Structures are given as C-alpha cells and as structure tokens.
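Engineer: The following block contains the structure, expressed as structure tokens.
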Amino acid sequence: MKEIPLSNCERNFINKCIEGETRLDGRKLLEPRSVKIYFSSNWGCCMVSLGHTKAIAQVSCDIQQPKASRPNEGMIRINVELAPLAAQHFEGGRQSEAAILINRQLEKCFKDSKCMDLESLCIVADKKVWNLRIDINIINHDGNLVDCASIATLAALMHFHRPDVTSTGEEIIIHPASEKDFLPLTLFHYPICVSFITFKSGNTIMDPTYIEEKVGVAELTLGVNSYRELCSLHFDYLTKTMTVKDVISAVSNDAANYAIKLVQQIKEAVIKDVQSRYKKEDNNISRFKESIQVNKLTTTIGDHISIKLRKWNATAIVEDDFMEVENEEKNHIIKYQEGSAELIPILNNSIKKEEIFSIFNSDSDDEILVKSPSPERKEIDLVDLIDSD
Amino acid sequence: MTKEAIEINCTLRPINCEINLLSKSDGSTMFMQGDTTIIAGVNGPLEARSQKMAYDRVSIEVTYTPLKGPAKVDDRLIETYIKETCESAILVSFHPNTMVCINLQEMQDSGGLLACAINASCLALINSGLSMRFTVAAISCMIEKETGEIIMDPDSSQLKNARAEFTYTFDSINKDIVCCHSIGQFSQNEFLACMDKCRQVSKYVFDYYREVTKKSSRSLESEYSGNATCIQRTFDSDAFKEERISVGRATPGRQSQAVPTIDVYPLCPPDPFSPFWLSRIQRFSMEGEHLWTSIKYRNEPSKRKRE
C-alpha cells in the first residue's frame, strides 16, 4: 500500500504550530518523549517505546571465523527490519532504502565509534571469534525510528550475556548456563542517537513525531555518548529549497544533556533487571507483562486460568482402531416418550385447526391459543397471528 | 468411573493482553499466553495490489516476523496457517477487491507459539472491527513421552519431553475444527482424545475474548460519550475541494495523556478505501458555509446509550 500523503492543511497547521513554539502533543520544542524499556526473559532482548514508537531488539551470537584483515576481533552485525507492522507502506522481505539508512546510522553510532570491546570476543585468533548479531524490528512507527532503534540496541547490548568459553589447545568448550555463568559484553562508552528536525520557520525540534518528520525541511541525527562526545553525525535536507544554518552548534548541547540522562536511565533499567535475575527471585516471570498497565481499560491481566473439565477422562482411549466405534458410542438408545410427542392423533387436529384459523378472525384466535396444550400448535398459532396483522 | 476421577483440574497458562496499543494499525493486540508473546496488527480493508486482487472476495496477507534473523520455513508455515484460518473466519465476500493485512511480530517464544499467534490475530481482527463469520481459538497440547499423559497448553520446559505436540483451532459456533497442526508420533485415538480435550478447553479462550471485548467496548463508550469533540473549521475559499476539516478526538485507551491528540483529515473527496471514512464519518452535508459532520464509531456507543 502506498503511504498516505500529508494534506496542505495539515502541513500549514504544523508549520504554524511550530512557528508559535507549540507542538501537537504539548511538548516544548526541545523536549523528548518518555522512554520505557522492558526486557524479555531471554538475555539481550528488549522492547523500547519512545512515545508511540516501539521497537524490539534481540542480540544473538555464534562462533565464526574472523575476517582476515582483523584476525583477533569479534564481529558485529546490525540488522534493522521495517516490517509492515510498523506502518502499512513498509514492504516485507528485503531491506528498503529507509531501513538501510537507519541501519547505516546505527552502524556509524555503534560499530564505527568503537564502543564495543571486540578483542574480548576473540576465542582463537584467526580461527574462532564471536559474531554478534543485533536484530531490530520496528513495531510501531510514530516518527524518530533512529532514536528508538538506538536506545533498543544499546539496552540490548548492555543486557546481553554470552556463554563462557574455555579453550584447550585445539578444542573449545562452550559452557551452558548451568555450568558457568554467562558473561556480559564490555562496552567502552555508551552512544545513543538524538534526532532533530528543522522547520521552514527556522525552529528546530527534538524527537519528532511521524507527522513532524513529514513537514520538516532538514533532519539532523547526532550520535552522542554519555561523556558528551560526538560519535556519529547525519545531516540531510528533506526539501531542496531551504537552507538551514547553524543547527548543529545550536542543539548539540541539548543533545549531549539528553544523552547523559537517557544513558543513565538505560543503565538503571539494565542493572535492575540483571540483578533481579541473579537473585532469582522471579526468574520465570515474563517481563513483557510489565508493559501492560494494570488498570488500563484496554488491557487485561489475569492469573492462572484454572479450568474444570467435566469429561476429562470420559473419552478414554478406545481399544478398537476404527473411527466408526466412536460414532456408535454417541448413538444412545432413546427411551419411549423421551423428547417426543405422540404425533398421529394431534397431527390430524392441528392441520384441521390451521385451516380454521386462517378463515377465522383474530379475536377468536386468542382463546384457542390458551387452550392449545402442545408446543406444535403454538407455533401454528403464531404464524396465524402474523397473517392476521 | 467415579465422579472425582472425571473432574480433574488443569491449568492454562495465564492469558494477558493489551489491545489497541499500536497507533498505525486499525486493530492491534499484544497477546501473552504465559511467557509466549506476540504482537499482532491488522490493517484493512485496504486497496489491493493488482496481482493480488480478487474480484469476489477480500485477499488476506499475513506477515510474520521472527525475533532473530529473516523469516524461515517455519515462519512461513505459521503465516500460511494464520492466512487459511482467518480466511475461513472473515466474511471474505463482504469487501471484494480489497486486501486485509495481518502483521505479526514474535516477541518471545516459550511454547505454543502457533496457538498464541492464531489467538493474537483473531483478537486483533475483533479489535479492528472487521465482519467475521465466527471467532477462532487455538489450543495447544502435548503427549508426554514416558507417561502418555496429555498436558494442555505446555510451556517450553514441558515440551522438552513431549512425544507428540498438537495445535487445534476451533470456531466459536459449532466448535468445529478449523486448523490443525501436529508434530511427533501418535495413534489415531490419541489424536481424537487430544482434540476432544482441546475442544472443551477452547471455551475458556472464547470467554476470554468476550471479556476483553466487553471491557474495551465499555471503555470506548465512556470515553467517547464524555470526551469526544468535533472541532469544525471552515476556511475561506470558494472551491469546495479546497476545504478541510480537522477533527479532534480523544484517542481510545490513552487516558494517561493529558492532551488529546488531534488528527487532521482532508474532507473531500473521501477516499473510498480509507477505513476512517467508512467507519467514522457517517454523513456530511453542506449548509451555507457550515460543514456538518457526525462521527460514528465502530461500536456505536452513542446509539446504545440512547436506547
């Protein structure tokens, strides 16, 4: 399906709003939406919601041969999927241009900024290294996919624990969780993306929504870590007519402040979750459940549904292998006078009366109706009443 | 056989759900059976692509995205099962030449993924307001390797010692089988016994659907009758086509937001394929320079209130 275009009315409305320094969701111009992070019960899986934008990230690992150019370093692969679940105009299957753009921005932010300790992922130099794969699926598209994906990636990487490995000369042993505790990844610094959109009026906003992204004239994404260092930068004109000046210097301070706050929030969420796992208080509780608010009207949270089955063992396994035996069991004997009426004498009467009713008027009908004892006749009476009306 | 032996308690894993959580889908749900979690979104009826258009019925497209990596054969299998199941459940001849998209995202798998996916897509269809012939409920069960015992709705740890694993889907009217999937070795009688048990259990899932729908429609009623506002604006212009209207409405199920979101939609011409126009704007006429709109919600809460 094609994307629904924005009408001129909407465009003008948003432009006017931004000019007057108001936003449709009541935020200030440089105010981000609230971030919520929920972890799955697997390692390295988390769902992040940035306002209505939602993304899920999963980190997985396997052992591969390293690249010849970097024989003692592990590998990272980032893969962003824009499925039609996010928005209907996204196509499934191969990566679209928008997905590749987000992918590249995340690679710049996480891979090229060298935030990961890749050498610690090496098992046997030139032979076996860990290969990390980060899958990011966007669930709902309400603007600013890059920020949401970067938060999800960082949270998943910080949360992920890989299996421990011991190398005995030739062989390597991968220990399951029961033998040795899984090890967390080492991160040198924590970068995240912060996006801005500049409008025709010259105003710049942080964390744009879907509709604001459509109206803006220039986009800027800064990859900033918690030490206020710039890790990646992406600037693009969305329309060809406008020239925007001095955006980067104007907003970089806000981006750095926001990044510090956000990284702190992610760290706290990860530490809280990891600690609760090690304490094993609620090891089997699904954490996605926490994303469902208890008293919200569109949600239900229930305890175990205990069910009672009447005929739990009544359908005991029959020795015979034929289907027909089961069918025969259902044919039970109908006793005399069970659920049936004596048809022959009443049938004659009812047919006669039916003829009479159709001739008579409605006044006399009611009297006969009361007298009639059998349900069969009542039905006929009803038909007649409708006719008389 | 004594009565105590007949009545045996068994537990389904807890079912949790949140409906209407995605803003871009017409109907959506996050469905959890135990730890197994699926997010499903339904879009439609939409304009169909020409190669998928069917002149007498709606074509259904299902996309299932796994958590890790690209979709594999198993994921395609789930897609096919959901497609066939929903084709029998939806009134397909009701919207000819259109398309309904059902999109699913795996969030977590701890057993019974297919059953959870079918249930999630059914609940999302209910939420989207598409006309359906019946609802469907999928139940999974397994036969244990050593004891031969039938376990309903097993989780991943129980599934490790399973000899056979079944997923049955039933319709809500006759409790007939709509879809069936099995793995492992079993005899015909075991198959039928499992089917019978699952059929009895399916009642609880149907009850759950009813409970959820009741709860959410009640919430819609209270919210829309209280808060729904329709801001009408007429702009100074001569041509009717240039006129636009903005409709402010309280978004369903988002009480936490203090400020209602404002959706702005063009008035004319209404796109015949847009579900927004079909369901919400009942009629609009022009009297002088004022535009009159009346908003009709899918569950028609105002009508029920008047009665």
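FYI, nothing fancy with the structure tokens labels: chains A, B, ... in order, residues from 1 per chain, ligands from 1 as they appear.
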Counting only C-alpha atoms, what is within 10 Å of Leu130 of chain B, bar same-chain residues fewer than 6 positions away, as a ChimeraX atom specification?
Structural biologist: /B:26-27,42-45,90-92,94-95,100,124,298
Engineer: Using only C-alpha atoms, determine which residues lie at most 6 Å from segment 214-221 of chain A, disregarding the query and same-chain residues fewer than 4 positions distant; provide the list as a PyMOL selection string.
Structural biologist: chain A and resi 11+194-199+233-239
Engineer: Write down as an MDAnalysis selection string the residues of segment 30-236 of chain A whose backbone DSSP state falls under helix (DSSP H, G or I).
Structural biologist: chainID A and resid 97:111 119:121 145:159 210:215
Engineer: Enter the distance from atom CA of Tyr258 of chain A to atom CA of Lys111 of chain A, in Å, rounded to one decimal.
Structural biologist: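 Distance reported for this atom pair: 21.4 Å.
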Engineer: With distances taken over only C-alpha atoms, which of A:Ala68, A:Ile172, A:Met47, A:Ala255 is nearest to chain B?
Structural biologist: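 For chain B, the nearest of the given residues is A:Met47.
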Engineer: So what do you get for atom CA of Leu230 of chain A versus atom CA of Pro71 of chain A, distance-wise?
Structural biologist: 28.3 Å
